[in-house]
Structure formats: C-alpha cells, structure tokens
Amino acid sequence: MNKKISQGILVIAGGILFSLVFWQEKLGINTVLFDAFILAALFYLYANARQNAVVRWLVIGHLTCLVMIVLHNTLLSKIAFSITLLLIAGFAEYTHRSAWFAGGSVLLNIIFCVASFADQFKRKPGTKRKRTGLSKFIRFAIFPVLLLALFFIIYLSANSVFQAMAARFELYIGRFFFSFFNVFSPQRLLFLFFGVYVTGSLLMRSRVNYFTHKESACQDELQRSRISWKQRIQMPGWQFTETIMGRLARGMMALKNENTTGIISLLLLNTLLLAINIIDVSYLWINFDYMGDVFLYKMVHEGTELLIVSIVLAMLVVLFFFKGNLNFYRRNKWLKYGAYAWIWQNCILVISVLLRDYYYIARYGLAYKRIGVLFFLLMVLIGLTTVFIKIWQRRTSYFLFRVNAWAGVILLVLASTIHWDEFIAGYNLQRKDRVPLDAEFLLTLSDKTLPLLEANLEAFKKRQAEIPKELSDSRSGSDSWSRDNTCDTCFVEQIRARKDRFLQQQSHRTWLSWNYADAYTAQYFRNHPVSH
C-alpha cells in the first residue's frame with residue numbers, strides 16, 4: 001500500500017480511537033491503548049527508527065512515564081509522557097541528535113499538520129486524473145435529481161394524501177437525525193477532529209526541514225576559523241563588546257584585548273563571590289539555628305531566587321568570554337583559571353542555596369517550589385559541569401545545550417516516578433507536631449492524598465480551632481462561603497466535600513479511566529465509609 005495512503009488511514013483511525021477512549025474520561029488505561037497505536041504506527045511508517053539507539057532509550061523513558069500515569073496519574077507524569085512521546089516522534093521522523101532541534105521539528109509538525117494532511121490527497125505532478133465511476137454517476141445524476149425535486153414539489157401541492165405521507169416521512173427523518181446528533185453531538189465531532197489533529201501531528205512529517213538542516217551544521221568540537229571583519233561585526237554580542245571596549249575591540253590586538261578584559265572581569269567577580277561564599281559558610285554552614293531565626297523566610301525565599309538568577313548569569317558570563325577563537329588564544333591560561341575558579345565558587349553557592357532550601361523545608365515542611373528548587377539546583381550543577389567541560393575540551397555551545405537538554409529529559413522521567421502530592425502530604429503530616437500545618441495548601445493536593453487527610457482529621461480540627469475567632473467571624477459572611485457552604489477555614493467540611501465530589505466523579509467513569517491512584521482512594525472510602 002502507498003505510504004501516503006497508509007499515513008492518511010492511520011491518522012483517521014487514530015483520531016477515531018482518540019475520540020472513543022478519551023471522551024469524558026481521565027487518563028488511565030485509555031492512554032495505554034492510544035499509546036500502543038501511536039508507537040506501532042510510528043515504527044510502521046518510519047521503519048528506520050527501530051534501529052535508532054536514541055529512539056530506543058526514549059521509548060524506555062516514555063514507557064516508564066506511561067506506567068506512572070496508570071500508577072500515580074499525576075500532572076507531572078502526564079507532562080513527562082507527552083514530552084517523551086513528542087520527542088520519539090521527532091527522532092523517528094527526522095535526523096536529530098539534540099532534543100531541542102527534535103522538539104522544534106515536532107513543533108513544525110503541529111503547525112503544519114493540516115497542510116500535511118491535505119498533501120495526502122494531492123496528485124503527483126505529471127499524473128493524469130482518472131475519472132472514477134462515482135464521479136461519472138454524480139455528473140449523470142445532477143439533471144435527473146433537479147427534475148425529481150421540481151415534480152416532487154408540484155405533486156406535494158396537488159395531492160393531499162401524498163402530502164400526508166411526505167409529512168410522516170419527514171417526521172421519521174427528523175427523529176433519525178435527532179437520535180444521530182444526540183449520540184454524535186457537535187462537541188463529540190469537534191473532539192474527533194481534535195483527535196485527528198493530535199494523531200496527525202504525531203504521525204505526519206512536515207515537509208519543512210528547517211531544524212534538520214540547522215542541526216546538520218552543528219557539531220560538538222569547537223573549530224578554529226578565520227573570521228572576516230564583515231562577518232565579525234554581524235556576530236551575536238559584537239555590538240555589546242564594541243560598546244564596552246570601544247576601539248580596543250577592533251584591529252589585530254582585539255583578541256588579546258578581549259582576553260585581558262575577561263581576566264580582569266573574572267578576577268573582580270571571583271573576589272566578590274568569594275566574599276559572599278565566606279559569609280554563607282560562616283553563617284549558614286556552621287551552627288545555623290533555623291528554628292529560631294525570625295528572618296528565615298526572607299533569607300530563604302527571597303535570597304534563594306536572587307542567588308539562582310546569579311548562578312544562571314554566571315554561566316552566561318563564562319559563555320560570553322569563551323566564544324569563538326578566544327578558546328584557541330595561546331595566552332588564555334589565566335582566563336581559563338579565572339573561569340574554573342568562577343565555576344567552582346558557583347558550585348559552593350549552589351550548596352549554600354541548597355542549605356537555605358533544606359532549612360526552610362525543615363522549618364515549614366515540603367511544598368512544590370521547595371522541591372522544584374532541589375531539582376533546579378541539580379540541573380544547575382549539571383550545567384556548571386558541562387560549562388567546565390566546554391572550556392576544558394573546547395566544546396561548542398551546541399554541545400552544552402544538547403547535553404543539558406538530555407539531562408533535563410532524564411530528570412523529568414525520574415521525577416515522574418514519585419507521587420509528589422502523596423509524598424508532600426505524608427511528610428508534612430508526619431511532622432505536624434514540629435512543623436506548622438499548612439491546611440490550606442494540603443487541601444489543594446490531588447485526590448490520592450484524601451485517605452491521608454481523612455486519617456488526620458484531628459490535626460485539621462485542631463488547626464481549625466487555632467484560627468482566631470475574630471478571623472473566623474470576619475469570614476462568616478457571604479463572601480467567605482462558597483456555593484457548597486464550605487468556608488475558607490472549615491477544613492473538615494472541605495475534606496468531606498472533596499470526598500463526596502471524588503466518589504460522584506468516579507461513578508461516571510468507565511474502565512477506560514482506571515488508574516491505581518483513583519482505585520486505591522475509592523477502595524479506601526469503601527472500607528472506611530464517609531462519616532458526617
């Protein structure tokens with residue numbers, strides 16, 4: 001069968017499958033069914049992808065995320081599942097090494113999906129269109145149908161019995177179409193088209209190969225090259241360099257002048273960062289009492305954000321100085337030493353930020369941003385390591401971004417294997433005697449945490465009683481009560497309302513939405529009936 005015809009059939013079949021398994025359902029077993037179809041179709045249409053080592057590793061990571069959807073059904077597992085599936089499509093359909101470029105190619109697939117689908121029905125240049133029997137029949141039937149319609153209207157007006165029969169037939173036709181659109185509603189048809197669009201974006205390769213051509217010119221090893229003055233002034237960052245250095249950025253001594261400017265800059269920056277690190281080591285690392293520090297919030301919450309920005313800027317500073325032929329300058333030894341010192345000092349700064357986050361978690365418990373800081377710091381350490389390798393082994397920025405992108409994908413897959421909502425709720429509730437109970441935050445976590453909240457109702461009652469009566473009275477008006485009569489601080493009532501809502505939603509789900517997290521929660525409620 002022609003590949004284009006196969007592609008079109010698979011896209012339509014995938015859209016129908018998407019509509020059948022996901023309509024008014026949660027992600028669960030249905031995700032397994034649709035994913036199996038997409039992977040099988042991808043490897044059928046692009047057979048060479050089966051031999052691609054990158055695709056194989058991506059499939060392993062993707063299947064891990066798929067299992068996590070069935071087990072945990074968290075937002076993070078769904079995001080990781082979607083990203084890895086898109087990357088599999090990108091690497092299967094195009095020639096890539098970097099996740100960034102593969103993602104760009106998939107983005108083009110999404111943008112030009114409709115155009116790619118229309119290409120399936122275009123004739124090849126030079127081929128003569130054959131008139132099918134159906135087209136002949138339509139052409140021959142036009143005049144007879146018009147005659148039939150004309151005489152039908154005449155007879156309808158002249159014969160009352162025929163008019164009554166036509167009215168009954170019209171009633172039957174109306175009932176049929178009413179039943180049809182009751183089953184196939186406009187919303188369902190739109191969902192079907194959306195499924196076709198999703199499937200087409202995954203299976204149909206765009207004719208625009210911009211990112212493939214762009215990456216083909218990239219390499220890991222940095223090559224020394226002669227750059228003309230005309231090319232030099234068009235390079236990124238040239239205007240900035242000329243603004244700072246003026247005439248020193250031009251002429252035969254430009255490279256030497258850049259090297260001198262870099263050495264002075266890194267010397268000053270290292271001196272400043274050394275002072276910051278000495279303060280952090282003496283204050284944070286040694287005998288820091290996080291329980292008694294009233295400025296902990298400002299030091300951690302505000303200070304951490306600024307330090308993270310400074311670390312990112314630090315990597316950009318190094319990349320700015322080690323661009324182009326300055327990597328091959330014979331007298332850049334001290335510039336390299338300054339960059340190495342700058343990288344290691346930023347590693348120490350990462351540890352200081354890590355301690356800030358640790359103290360904050362120990363004092364106030366876990367939350368999304370506090371966990372996010374930990375993963376971000378791990379990515380920063382990987383980034384600093386790759387920057388060190390770039391300078392040491394004279395690698396390109398392409399190498400830097402390629403390696404860090406893969407590190408991000410691996411971390412995303414690993415992070416999806418943990419049900420963070422349940423982990424956060426369990427950690428905070430186990431330490432409720434030492435850590436302030438943030439009841440409002442815990443009530444925003446996913447339904448998998450409801451059994452934990454149910455088991456700790458006494459702690460929520462205690463927290464509810466600790467809220468000043470004046471505050472409760474001020475919220476007792478119409479503005480503080482929601483439509484289900486649950487006020488902002490009535491934590492027990494909110495937990496019960498969430499349980500009722502969860503059970504009601506589960507009653508409308510089919511086996512397609514089954515996942516272990518919801519099944520576990522529903523089983524817990526069956527074994528522990530809701531008490532009012």
# chains A, B, ... in the order shown; residues from 1 in each chain; ligands from 1

call {"tool": "closest_atom_pairs", "arguments": {"of": "region 96-120 of chain A", "to": "region 401-418 of chain A", "cutoff": "7 Å", "atoms": "only C-alpha atoms", "output": "tab-separated table"}}
result
residue	atom	partner	partner_atom	distance
A:Ser98	CA	A:Arg402	CA	5.0
A:Ala99	CA	A:Ala405	CA	6.2
A:Trp100	CA	A:Ala405	CA	6.9

call {"tool": "residues_around", "arguments": {"residues": "Leu503 (chain A)", "least_positions_apart": "3", "cutoff": "12 Å", "atoms": "only C-alpha atoms", "output": "ChimeraX atom specification"}}
result
/A:447,450,496-500,506-509,518-519,521-526,529-530

call {"tool": "atom_distance", "arguments": {"atom1": "CA of Val70 (chain A)", "atom2": "CA of Asp421 (chain A)"}}
result
15.7 Å

call {"tool": "residues_around", "arguments": {"residues": "Leu400 (chain A)", "least_positions_apart": "2", "cutoff": "12 Å", "atoms": "only C-alpha atoms", "output": "PyMOL selection string"}}
result
chain A and resi 98+100+218-222+315-316+319+382-391+393-398+402-407

call {"tool": "select_by_dssp", "arguments": {"residues": "region 364-508 of chain A", "states": "helix (DSSP H, G or I)", "output": "NGL selection string"}}
result
:A and (364 or 368-393 or 397-415 or 420-430 or 439-442 or 447-455 or 457-466 or 469-474 or 491-507)

call {"tool": "closest_residue", "arguments": {"among": "A:Leu87, A:Leu150, A:Ile79, A:Met68", "to": "Gly104 (chain A)", "atoms": "only C-alpha atoms"}}
result
A:Leu87

call {"tool": "atom_distance", "arguments": {"atom1": "CA of Phe101 (chain A)", "atom2": "CA of Thr212 (chain A)"}}
result
7.3 Å

call {"tool": "residues_around", "arguments": {"residues": "Phe194 (chain A)", "least_positions_apart": "6", "cutoff": "10 Å", "atoms": "only C-alpha atoms", "output": "VMD selection string"}}
result
chain A and resid 15 to 16 18 to 19 188 200

call {"tool": "residues_around", "arguments": {"residues": "Arg331 (chain A)", "least_positions_apart": "3", "cutoff": "10 Å", "atoms": "only C-alpha atoms", "output": "list in words"}}
result
Lys256, Asn259, Thr260, Leu326, Asn327, Phe328, Trp334, Leu335 and Lys336 of chain A

call {"tool": "write_last_selection", "arguments": {"atoms": "all heavy atoms", "output": "JSON list (two decimals), in the first residue's frame"}}
result
[["chain", "number", "residue", "atom", "x", "y", "z"],
["A", 256, "LYS", "N", 43.62, 39.78, 21.96],
["A", 256, "LYS", "CA", 44.40, 39.99, 23.18],
["A", 256, "LYS", "C", 43.65, 40.91, 24.14],
["A", 256, "LYS", "O", 43.63, 40.67, 25.36],
["A", 256, "LYS", "CB", 45.76, 40.59, 22.82],
["A", 256, "LYS", "CG", 46.63, 40.86, 24.04],
["A", 256, "LYS", "CD", 47.94, 41.51, 23.64],
["A", 256, "LYS", "CE", 48.78, 41.83, 24.89],
["A", 256, "LYS", "NZ", 50.07, 42.48, 24.52],
["A", 259, "ASN", "N", 40.87, 39.04, 25.85],
["A", 259, "ASN", "CA", 41.44, 38.16, 26.87],
["A", 259, "ASN", "C", 41.76, 38.96, 28.15],
["A", 259, "ASN", "O", 41.45, 38.52, 29.26],
["A", 259, "ASN", "CB", 42.70, 37.50, 26.33],
["A", 259, "ASN", "CG", 43.31, 36.53, 27.32],
["A", 259, "ASN", "OD1", 42.72, 35.51, 27.65],
["A", 259, "ASN", "ND2", 44.51, 36.85, 27.80],
["A", 260, "THR", "N", 42.36, 40.14, 28.00],
["A", 260, "THR", "CA", 42.69, 40.97, 29.15],
["A", 260, "THR", "C", 41.43, 41.43, 29.88],
["A", 260, "THR", "O", 41.37, 41.39, 31.12],
["A", 260, "THR", "CB", 43.50, 42.20, 28.69],
["A", 260, "THR", "OG1", 44.66, 41.77, 27.98],
["A", 260, "THR", "CG2", 43.92, 43.05, 29.88],
["A", 326, "LEU", "N", 38.68, 32.91, 20.94],
["A", 326, "LEU", "CA", 39.34, 33.15, 22.23],
["A", 326, "LEU", "C", 39.67, 31.84, 22.93],
["A", 326, "LEU", "O", 40.58, 31.78, 23.77],
["A", 326, "LEU", "CB", 38.43, 34.02, 23.12],
["A", 326, "LEU", "CG", 39.08, 34.64, 24.37],
["A", 326, "LEU", "CD1", 40.28, 35.48, 24.00],
["A", 326, "LEU", "CD2", 38.07, 35.45, 25.15],
["A", 327, "ASN", "N", 38.96, 30.76, 22.59],
["A", 327, "ASN", "CA", 39.28, 29.44, 23.14],
["A", 327, "ASN", "C", 40.65, 28.95, 22.68],
["A", 327, "ASN", "O", 41.28, 28.13, 23.35],
["A", 327, "ASN", "CB", 38.21, 28.43, 22.71],
["A", 327, "ASN", "CG", 36.88, 28.66, 23.38],
["A", 327, "ASN", "OD1", 36.63, 28.16, 24.47],
["A", 327, "ASN", "ND2", 36.01, 29.42, 22.73],
["A", 328, "PHE", "N", 41.13, 29.43, 21.51],
["A", 328, "PHE", "CA", 42.40, 28.96, 20.94],
["A", 328, "PHE", "C", 43.54, 29.96, 21.13],
["A", 328, "PHE", "O", 44.65, 29.73, 20.66],
["A", 328, "PHE", "CB", 42.21, 28.68, 19.44],
["A", 328, "PHE", "CG", 41.16, 27.66, 19.14],
["A", 328, "PHE", "CD1", 39.86, 28.05, 18.83],
["A", 328, "PHE", "CD2", 41.46, 26.30, 19.19],
["A", 328, "PHE", "CE1", 38.88, 27.11, 18.56],
["A", 328, "PHE", "CE2", 40.48, 25.36, 18.92],
["A", 328, "PHE", "CZ", 39.19, 25.75, 18.60],
["A", 334, "TRP", "N", 45.31, 32.26, 32.03],
["A", 334, "TRP", "CA", 44.76, 32.89, 33.24],
["A", 334, "TRP", "C", 43.26, 33.15, 33.09],
["A", 334, "TRP", "O", 42.53, 33.15, 34.09],
["A", 334, "TRP", "CB", 45.50, 34.18, 33.54],
["A", 334, "TRP", "CG", 46.89, 33.93, 34.04],
["A", 334, "TRP", "CD1", 48.06, 34.09, 33.37],
["A", 334, "TRP", "CD2", 47.22, 33.40, 35.33],
["A", 334, "TRP", "NE1", 49.12, 33.71, 34.15],
["A", 334, "TRP", "CE2", 48.64, 33.28, 35.38],
["A", 334, "TRP", "CE3", 46.50, 33.02, 36.46],
["A", 334, "TRP", "CZ2", 49.32, 32.81, 36.48],
["A", 334, "TRP", "CZ3", 47.17, 32.55, 37.57],
["A", 334, "TRP", "CH2", 48.56, 32.44, 37.57],
["A", 335, "LEU", "N", 42.82, 33.33, 31.88],
["A", 335, "LEU", "CA", 41.37, 33.46, 31.66],
["A", 335, "LEU", "C", 40.67, 32.14, 32.01],
["A", 335, "LEU", "O", 39.60, 32.15, 32.65],
["A", 335, "LEU", "CB", 41.09, 33.84, 30.21],
["A", 335, "LEU", "CG", 39.62, 34.05, 29.83],
["A", 335, "LEU", "CD1", 39.03, 35.22, 30.58],
["A", 335, "LEU", "CD2", 39.46, 34.24, 28.33],
["A", 336, "LYS", "N", 41.29, 31.03, 31.62],
["A", 336, "LYS", "CA", 40.72, 29.72, 31.96],
["A", 336, "LYS", "C", 40.74, 29.49, 33.46],
["A", 336, "LYS", "O", 39.75, 29.00, 34.04],
["A", 336, "LYS", "CB", 41.50, 28.60, 31.25],
["A", 336, "LYS", "CG", 41.21, 28.47, 29.77],
["A", 336, "LYS", "CD", 41.89, 27.25, 29.20],
["A", 336, "LYS", "CE", 41.51, 27.04, 27.75],
["A", 336, "LYS", "NZ", 42.14, 25.83, 27.17]]

call {"tool": "closest_residue", "arguments": {"among": "A:Thr95, A:Ser77, A:Gln345, A:Ser157", "to": "Gly61 (chain A)", "atoms": "only C-alpha atoms"}}
result
A:Ser77

call {"tool": "residues_around", "arguments": {"residues": "region 424-438 of chain A", "least_positions_apart": "6", "cutoff": "6 Å", "atoms": "only C-alpha atoms", "output": "number ranges by chain"}}
result
A: 364-366
